[in-house]
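Presented below is the structure to which this report refers.
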Amino acid sequence: MASRMLPLLGRAAHRPAWPCTRGYQATALPDHADTVICGGGILGTSILYHLSELGLAPDTVLLDLGQLGGGITSLAAGIVSMNQLHRAQCKLVRKSQVLYRQLTAAGHDIGLEECGGLHLARSWERLQQYHRLTALSESLSTEFCMLTPDEVKGRCPLLHTADLKGGLWIPSDVAASPLKLTQTLARLAQQKGATVLERVRVQRVLTDGRRVTGVETDVGTIHCNRFVNVAGYWSHDLGKLSSPMVKVPVHPCEHYFLVTRPVAALPGCVPSVVDPDGRIYVRAKEGCLVAGGFEENAKPAFGDMEHLPVRFESETLQPDWDHFYGLLHEIVQRVPAVGEAVLDQLISSPETYSPDGQWIMGESPEVENYFVTAGLGASGTAAAGGVGRIMAHWMVHGEPHLDVFEMDVRRFLALHNNRTFLRTRIHEVPGQCMRIPWTFPEYRSGRRLRTSPIFPRMKDAGARFGAVMGYERPAYFESSADAGPDRRRGEFAIAVTDSFSKPRWFDNVEEEYNACRERVAVSDYSSFTKIDLMSKGDEVVHLLQYLCSNDVNVPVGNILHTGMQNQHGGYENDCSLARIAHNHYMMICPTIQHGRSRSWLQRHAPADGSVVISDITSLYTALCVMGPLARELLSEITDHDLSPKSFPFFTFKEIDVGMIADVRAMNMTHTGELGWVLYIPNEYALYVYDLLMERGQDYGLALAGYLAMRSLRVEKFYAFWGQDLGTTTTPLECGRAFRVKFNRDVNFIGREALLRQRAEGVRRLYVHFTVQDHDPETDPWAWGHEPILRDGEYAGLVTTSAFGYSLGKLVCLGFVQDLSAGQAAVVNSDYVLRGHYQINIGGRLFPAKPSLVSPSLPTKYQEPTQKRYQATQHTWGGRG
């Protein structure tokens, strides 16, 4: 095989793969526009097209630095597949496929080829991934078919299949010409009055300090209301051309693919082929073969250049054959015909990725009406139709029509936009799209950036870390016996989850869980978002009453749990508020909401600055001391009375701990166990930690990581934002109606929508399932997004799952709907509880027992007080 590759290497040429478009030019730059789009690739023209479909074409201008559809867009392979994507991304790709078929049916030539897609599996683990994806087919409105190796060969005789375990066939996968698609979308928008200008350089995005006011270019200035940054690998630098600067954390990587000369006797309809275990893809195009891949260690584009090239031409990046050789070997092994073909050229294209590998879209947190679409990597053609549609809806209606929080630009912090961080991380990112999508994936680069002061102690104790928002938090702890020869005790180690079945950390987490339930444990909560809100008068109370669905006007020293809803009643934020003083609150919310929650507060805060919003996340180390012996342990290190009468549940006090003062202590744990979270000024953190560990020896104190917390909260039916709750989930759907206070004079955001839903009834309910007849040792585990079947019919998806160590069963949380009529109907508790349920885990159906209330877990300790924290409370009998 290698001998065939050598002559192939010698026939490389360097010239454009396909011709660029030309000739989109208006007579002059208009003075005013409603929306200005910067970027004339396939994504920019898709947004332009969808705005035109909404009637906004005459008020929309698209600017491109070069020629429309030239450069990177003209080089893309054009595969439109739903594999290897997250569920929300799959939905957007599905919208793209629908649009491309509609354009073709209307007589537009976009080079659409409907030959389906083959996704190969060399390992049983990859085959398990495909079984899990196939189980999702109904929820994605797409057909997935498992294939044997012989059936794979039958679908594509070009393939070598002797080493395969099987494959996945996706009939809806298509391919299209990105260049033709870009031209078609732009032309259709122009026909409705949109303006397209080529060879115009944006020099500055004008703002009034809060929102977009215009765009300054090298040929004049356009005053506008909205700006869209969809400039590909220039997006990061373009974000800096405004005041305040907009974070667009992306960086380009070199993406290699080859194009052959026409191949004789090539079948008429060759499916696109993805071999993720070899990190390669192959497709037929106009009688030739196009083949590329995503290496494990990608090469950042443009070397160490401080400034990126103003324009990209196909010759801008010279192909690196040595770097491509590993992928070439895999390609020729999988498709021998490539080794026999005459090579036309090897192309290096700069594909742009975000540091977490997810797409970026939405309105920037820094500047209102400044929208961003970036970081789609090699998925531009696949995503363009759906992303253009959702972005147009977002701009016009102020919100997306799908819950895409995981792709929201507000998820990033300033550190993610750091050029050095991006260049370090980006080596890893492209290859992630070919890895098996285990739950809790971890990057190895760009680590140990945000740590609590007790981080060294946690390392020494055997912590395996997971990073969230750049913050290192222990996922679990390994004993000295677990450490093994590959690492010494005290070295930094990353948590590993590499199975769809019983995970390697099961026993470690069980020990930590048992300490939380039977003795006492300490967990590092420092990564949680912490924000202080203050004002001179009652302004902060008025702001929070408007933003929160619960009543925040509680006595000083009280803590309340509340949602911050959007206008549809969905969760924009899920948080706890401690009233420190009459005009001072401390807000605690999930780590992943750090940027989002701060942005939501700032967008709604009074413009006069009367409410001061201070991010204090990095000022405090938070230690959660939990378990039935937590009170006894803490009583040894503080003189404050911790009895239920003096320090009741869900209250706050500033206490002395040992020899220090001013520790914010909150009687809450986020998991339902008895305990306190101590918010300790960082300079005292090591002292308090060491004191706890020293005194805790008499109580069997243990350290507990995030995975133990997950098991505790899932078992007790506690919903978390970003996992169970999102922007389309309302409190009435997840049993939290008791936290919504309608009988207030304040008309909080989302009140009308929730009142309407309460009157009409909810169309889904949050349910706790215990999986029956499941052997955790041998059976596949649920990890999230498993289909829920009610009486044999699809009724929803699992949101999160974990092993319930007290129940001795796998526990799944998820929403149940009545879809019997083709769309969601009103449901109630009676409907949910009278159904017979199964959960589809990797293609196998397991019976599941439903519940709408938190289970009573066996314990050797009685509750110290009758007042218990209720995570979910279902009180309705009929209508919501």
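In the structure tokens, each chain is lettered A, B, ... as it comes, each chain's residues begin at 1, and ligands are numbered from 1 in order of appearance.
All residues of protein, DNA or RNA that reach within 7 Å of range 459-461 of chain A, judged by only C-alpha atoms and not counting those fewer than 4 positions away in the chain, are Phe455, Arg489, Gly490, Glu491 and Phe492 of chain A.
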When DSSP is applied to the backbone of this structure, which of range 466-637 of chain A are assigned helix (DSSP H, G or I)? Write them out as a PyMOL selection string. chain A and resi 506-518+539-547+591-604+617-619+630-635
Strand (DSSP E) positions in range 573-716 of chain A, given as a count of residues only: 49
Selected residue of minimal separation from Val520 in chain A among A:Leu289, A:Leu133, A:Val496, A:Leu692, counting only C-alpha atoms: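 Nearest to Val520 in chain A: A:Leu692.
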Using 12 Å as the limit and counting only C-alpha atoms, can you tabulate each residue of range 289-398 of chain A that touches range 580-601 of chain A, with its shortest atom-to-atom distance in Å and the two atoms involved, as JSON lines?
```
{"residue": "A:Gly362", "atom": "CA", "partner": "A:Arg596", "partner_atom": "CA", "distance": 11.5}
{"residue": "A:Glu363", "atom": "CA", "partner": "A:Ser599", "partner_atom": "CA", "distance": 10.5}
{"residue": "A:Ser364", "atom": "CA", "partner": "A:Ser599", "partner_atom": "CA", "distance": 8.9}
{"residue": "A:Pro365", "atom": "CA", "partner": "A:Ser599", "partner_atom": "CA", "distance": 5.4}
{"residue": "A:Glu366", "atom": "CA", "partner": "A:Ser599", "partner_atom": "CA", "distance": 7.9}
{"residue": "A:Val367", "atom": "CA", "partner": "A:Ser599", "partner_atom": "CA", "distance": 10.2}
{"residue": "A:Glu368", "atom": "CA", "partner": "A:Ser599", "partner_atom": "CA", "distance": 10.5}
```
Restricting the calculation to only C-alpha atoms: of A:Leu68, A:Gly39, A:Pro453, A:Glu478, which residue gets closest to Ile680 in chain A?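 Closest residue, counting only C-alpha atoms: A:Pro453.
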Please provide as a CSV table (one decimal) with N, CA and C atoms, in the first residue's frame all residues within 8 Å of Trp438 in chain A, with the sequence filter that same-chain residues fewer than 5 positions apart are discarded (counting only C-alpha atoms).
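In the end it all went to around04.csv:
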```
chain,number,residue,atom,x,y,z
A,497,THR,N,-13.3,9.5,31.9
A,497,THR,CA,-14.5,8.6,31.7
A,497,THR,C,-14.4,8.1,30.3
A,498,ASP,N,-14.2,6.8,30.1
A,498,ASP,CA,-14.0,6.3,28.8
A,498,ASP,C,-14.8,5.0,28.5
A,499,SER,N,-16.0,5.0,29.0
A,499,SER,CA,-16.9,3.8,28.8
A,499,SER,C,-18.3,4.2,28.7
A,500,PHE,N,-19.1,3.5,28.0
A,500,PHE,CA,-20.6,3.6,28.0
A,500,PHE,C,-21.2,2.7,29.1
```
Which residues of range 121-151 of chain A sit at most 12 Å from range 427-437 of chain A, using only C-alpha atoms? Give each one's shortest atom pair and distance in Å (one decimal place), in chain and ascending residue order, as JSON lines.
```
{"residue": "A:Ala121", "atom": "CA", "partner": "A:Ile436", "partner_atom": "CA", "distance": 10.5}
{"residue": "A:Arg122", "atom": "CA", "partner": "A:Ile436", "partner_atom": "CA", "distance": 11.6}
{"residue": "A:Ser123", "atom": "CA", "partner": "A:Ile436", "partner_atom": "CA", "distance": 10.3}
{"residue": "A:Trp124", "atom": "CA", "partner": "A:Ile436", "partner_atom": "CA", "distance": 11.0}
{"residue": "A:Glu125", "atom": "CA", "partner": "A:Ile436", "partner_atom": "CA", "distance": 7.7}
{"residue": "A:Arg126", "atom": "CA", "partner": "A:Ile436", "partner_atom": "CA", "distance": 6.5}
{"residue": "A:Leu127", "atom": "CA", "partner": "A:Ile436", "partner_atom": "CA", "distance": 9.8}
{"residue": "A:Gln128", "atom": "CA", "partner": "A:Ile436", "partner_atom": "CA", "distance": 9.6}
{"residue": "A:Gln129", "atom": "CA", "partner": "A:Ile436", "partner_atom": "CA", "distance": 7.1}
{"residue": "A:Tyr130", "atom": "CA", "partner": "A:Ile436", "partner_atom": "CA", "distance": 9.9}
{"residue": "A:Arg132", "atom": "CA", "partner": "A:Pro437", "partner_atom": "CA", "distance": 10.8}
{"residue": "A:Leu133", "atom": "CA", "partner": "A:Pro437", "partner_atom": "CA", "distance": 10.8}
```
How close does range 184-208 of chain A get to range 230-253 of chain A? List, as a Markdown table, each residue of range 184-208 of chain A within 7 Å, its nearest atom pair and the distance in Å to one decimal, counting only C-alpha atoms.
```
| residue | atom | partner | partner_atom | distance |
| --- | --- | --- | --- | --- |
| A:Gln203 | CA | A:Leu241 | CA | 6.9 |
| A:Arg204 | CA | A:Leu241 | CA | 4.9 |
| A:Val205 | CA | A:Ser242 | CA | 4.9 |
| A:Leu206 | CA | A:Ser242 | CA | 6.2 |
| A:Thr207 | CA | A:Ser243 | CA | 6.6 |
```
Of the candidates A:Tyr689, A:Tyr718, A:Tyr49, A:Tyr525, which shows the shortest atom-to-atom distance to Cys624 in chain A, using only C-alpha atoms?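 Ranking A:Tyr689, A:Tyr718, A:Tyr49, A:Tyr525 by distance to Cys624 in chain A, first place goes to A:Tyr525.
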Residue contacts of Val552 in chain A (10 Å, only C-alpha atoms) excluding same-chain residues fewer than 3 positions away, as a list in words: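 Selected residues are Val541, His542, Leu543, Leu544, Gln545, Tyr546, Leu547, Cys548, Ser549, Pro555, Asn558, Ile559, Leu560, His561, Thr562, Leu577, Ala578, Arg579, Tyr585 and Lys741 of chain A.
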Dump of N, CA, C and O atoms for the selected residues, as an mmCIF file, in the first residue's frame:
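Output below, filename result01.cif:
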```
data_model
loop_
_atom_site.group_PDB
_atom_site.id
_atom_site.type_symbol
_atom_site.label_atom_id
_atom_site.label_comp_id
_atom_site.auth_asym_id
_atom_site.auth_seq_id
_atom_site.Cartn_x
_atom_site.Cartn_y
_atom_site.Cartn_z
ATOM 1 N N VAL A 541 -33.215 45.668 45.277
ATOM 2 C CA VAL A 541 -34.406 44.862 45.556
ATOM 3 C C VAL A 541 -35.370 44.939 44.377
ATOM 4 O O VAL A 541 -35.910 43.925 43.922
ATOM 5 N N HIS A 542 -35.557 46.144 43.864
ATOM 6 C CA HIS A 542 -36.461 46.318 42.724
ATOM 7 C C HIS A 542 -35.963 45.552 41.502
ATOM 8 O O HIS A 542 -36.753 44.925 40.774
ATOM 9 N N LEU A 543 -34.644 45.600 41.262
ATOM 10 C CA LEU A 543 -34.081 44.887 40.111
ATOM 11 C C LEU A 543 -34.321 43.391 40.242
ATOM 12 O O LEU A 543 -34.784 42.744 39.297
ATOM 13 N N LEU A 544 -34.014 42.834 41.405
ATOM 14 C CA LEU A 544 -34.148 41.386 41.578
ATOM 15 C C LEU A 544 -35.610 40.952 41.597
ATOM 16 O O LEU A 544 -35.929 39.850 41.137
ATOM 17 N N GLN A 545 -36.487 41.787 42.096
ATOM 18 C CA GLN A 545 -37.907 41.446 42.051
ATOM 19 C C GLN A 545 -38.405 41.387 40.611
ATOM 20 O O GLN A 545 -39.287 40.586 40.275
ATOM 21 N N TYR A 546 -37.834 42.207 39.755
ATOM 22 C CA TYR A 546 -38.201 42.200 38.337
ATOM 23 C C TYR A 546 -37.606 40.998 37.612
ATOM 24 O O TYR A 546 -38.240 40.411 36.728
ATOM 25 N N LEU A 547 -36.392 40.596 38.007
ATOM 26 C CA LEU A 547 -35.707 39.516 37.312
ATOM 27 C C LEU A 547 -36.089 38.137 37.835
ATOM 28 O O LEU A 547 -36.010 37.151 37.092
ATOM 29 N N CYS A 548 -36.463 38.024 39.092
ATOM 30 C CA CYS A 548 -36.663 36.725 39.736
ATOM 31 C C CYS A 548 -38.134 36.353 39.828
ATOM 32 O O CYS A 548 -38.985 37.207 40.126
ATOM 33 N N SER A 549 -38.428 35.085 39.625
ATOM 34 C CA SER A 549 -39.812 34.619 39.743
ATOM 35 C C SER A 549 -40.195 34.329 41.187
ATOM 36 O O SER A 549 -41.385 34.254 41.506
ATOM 37 N N PRO A 555 -36.356 38.306 54.796
ATOM 38 C CA PRO A 555 -35.578 38.931 55.873
ATOM 39 C C PRO A 555 -34.078 38.784 55.649
ATOM 40 O O PRO A 555 -33.613 37.820 55.035
ATOM 41 N N ASN A 558 -31.711 35.426 55.264
ATOM 42 C CA ASN A 558 -32.386 34.306 54.610
ATOM 43 C C ASN A 558 -31.785 34.032 53.232
ATOM 44 O O ASN A 558 -31.219 34.914 52.592
ATOM 45 N N ILE A 559 -31.952 32.787 52.796
ATOM 46 C CA ILE A 559 -31.523 32.358 51.467
ATOM 47 C C ILE A 559 -32.748 31.851 50.731
ATOM 48 O O ILE A 559 -33.603 31.179 51.328
ATOM 49 N N LEU A 560 -32.874 32.178 49.470
ATOM 50 C CA LEU A 560 -33.967 31.635 48.668
ATOM 51 C C LEU A 560 -33.422 31.091 47.370
ATOM 52 O O LEU A 560 -32.358 31.519 46.906
ATOM 53 N N HIS A 561 -34.116 30.112 46.829
ATOM 54 C CA HIS A 561 -33.774 29.564 45.519
ATOM 55 C C HIS A 561 -34.768 30.134 44.522
ATOM 56 O O HIS A 561 -35.974 30.162 44.779
ATOM 57 N N THR A 562 -34.269 30.596 43.390
ATOM 58 C CA THR A 562 -35.153 31.231 42.426
ATOM 59 C C THR A 562 -34.650 31.051 41.005
ATOM 60 O O THR A 562 -33.452 30.862 40.770
ATOM 61 N N LEU A 577 -30.047 33.047 46.258
ATOM 62 C CA LEU A 577 -29.777 34.413 46.683
ATOM 63 C C LEU A 577 -29.745 34.464 48.203
ATOM 64 O O LEU A 577 -30.700 34.052 48.860
ATOM 65 N N ALA A 578 -28.660 34.958 48.746
ATOM 66 C CA ALA A 578 -28.548 35.172 50.190
ATOM 67 C C ALA A 578 -28.638 36.673 50.441
ATOM 68 O O ALA A 578 -27.881 37.453 49.844
ATOM 69 N N ARG A 579 -29.568 37.071 51.325
ATOM 70 C CA ARG A 579 -29.694 38.495 51.620
ATOM 71 C C ARG A 579 -28.722 38.843 52.736
ATOM 72 O O ARG A 579 -28.958 38.551 53.915
ATOM 73 N N TYR A 585 -27.231 41.604 48.263
ATOM 74 C CA TYR A 585 -27.498 40.185 48.040
ATOM 75 C C TYR A 585 -26.239 39.522 47.497
ATOM 76 O O TYR A 585 -25.450 40.146 46.768
ATOM 77 N N LYS A 741 -43.737 33.161 42.759
ATOM 78 C CA LYS A 741 -44.687 33.945 43.567
ATOM 79 C C LYS A 741 -45.427 34.911 42.650
ATOM 80 O O LYS A 741 -44.921 35.970 42.288
#
```
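Note that the spacing between CA of Ala194 in chain A and CA of Ser349 in chain A amounts to 29.4 Å.
Using only C-alpha atoms, the residues found no farther than 7 Å from Arg199 in chain A, other than those of its own chain fewer than 6 positions away, are A:Asp64, A:Leu65, A:Gly66, A:Gln67.
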Take the residues from that selection and put them in a file with N, CA and C atoms, as an mmCIF file, in the first residue's frame.
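To be explicit, this is the file written out as again38.cif:
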```cif
data_model
loop_
_atom_site.group_PDB
_atom_site.id
_atom_site.type_symbol
_atom_site.label_atom_id
_atom_site.label_comp_id
_atom_site.auth_asym_id
_atom_site.auth_seq_id
_atom_site.Cartn_x
_atom_site.Cartn_y
_atom_site.Cartn_z
ATOM 1 N N ASP A 64 -18.020 41.917 2.310
ATOM 2 C CA ASP A 64 -17.008 40.865 2.290
ATOM 3 C C ASP A 64 -15.670 41.466 1.934
ATOM 4 N N LEU A 65 -14.636 40.982 2.610
ATOM 5 C CA LEU A 65 -13.297 41.506 2.414
ATOM 6 C C LEU A 65 -12.732 41.131 1.048
ATOM 7 N N GLY A 66 -13.155 39.983 0.533
ATOM 8 C CA GLY A 66 -12.683 39.543 -0.774
ATOM 9 C C GLY A 66 -13.840 39.388 -1.736
ATOM 10 N N GLN A 67 -13.882 38.236 -2.394
ATOM 11 C CA GLN A 67 -14.973 37.931 -3.303
ATOM 12 C C GLN A 67 -15.954 36.996 -2.607
#
```
If you count only C-alpha atoms, which residues fall within 10 Å of Asp31 in chain A, apart from same-chain ones fewer than 3 positions away, as an mmCIF file with N, CA and C atoms, in the first residue's frame?
```
data_model
loop_
_atom_site.group_PDB
_atom_site.id
_atom_site.type_symbol
_atom_site.label_atom_id
_atom_site.label_comp_id
_atom_site.auth_asym_id
_atom_site.auth_seq_id
_atom_site.Cartn_x
_atom_site.Cartn_y
_atom_site.Cartn_z
ATOM 1 N N ALA A 28 -22.812 52.003 -4.522
ATOM 2 C CA ALA A 28 -22.195 52.791 -3.462
ATOM 3 C C ALA A 28 -22.568 52.208 -2.113
ATOM 4 N N GLY A 214 -23.069 51.795 14.273
ATOM 5 C CA GLY A 214 -22.650 51.880 12.879
ATOM 6 C C GLY A 214 -21.403 51.068 12.604
ATOM 7 N N GLY A 220 -16.206 54.140 3.554
ATOM 8 C CA GLY A 220 -17.255 54.966 4.129
ATOM 9 C C GLY A 220 -17.843 54.352 5.387
ATOM 10 N N THR A 221 -18.841 55.024 5.926
ATOM 11 C CA THR A 221 -19.473 54.609 7.185
ATOM 12 C C THR A 221 -20.953 54.329 6.956
ATOM 13 N N ILE A 222 -21.432 53.232 7.534
ATOM 14 C CA ILE A 222 -22.853 52.884 7.504
ATOM 15 C C ILE A 222 -23.384 52.987 8.931
ATOM 16 N N HIS A 223 -24.425 53.769 9.117
ATOM 17 C CA HIS A 223 -25.103 53.797 10.411
ATOM 18 C C HIS A 223 -26.100 52.639 10.443
ATOM 19 N N CYS A 224 -26.071 51.858 11.519
ATOM 20 C CA CYS A 224 -26.936 50.678 11.562
ATOM 21 C C CYS A 224 -27.351 50.371 12.992
#
```
List the neighbours of Leu755 in chain A out to 10 Å using only C-alpha atoms; skip same-chain residues closer than 3 positions along the sequence, and give me the result as a list in words.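 Here the qualifying residues turn out to be Gly569, Leu732, Phe742, Gly750, Arg751, Glu752, Arg758, Ala759, Glu760, Gly761 and Gly880 of chain A.
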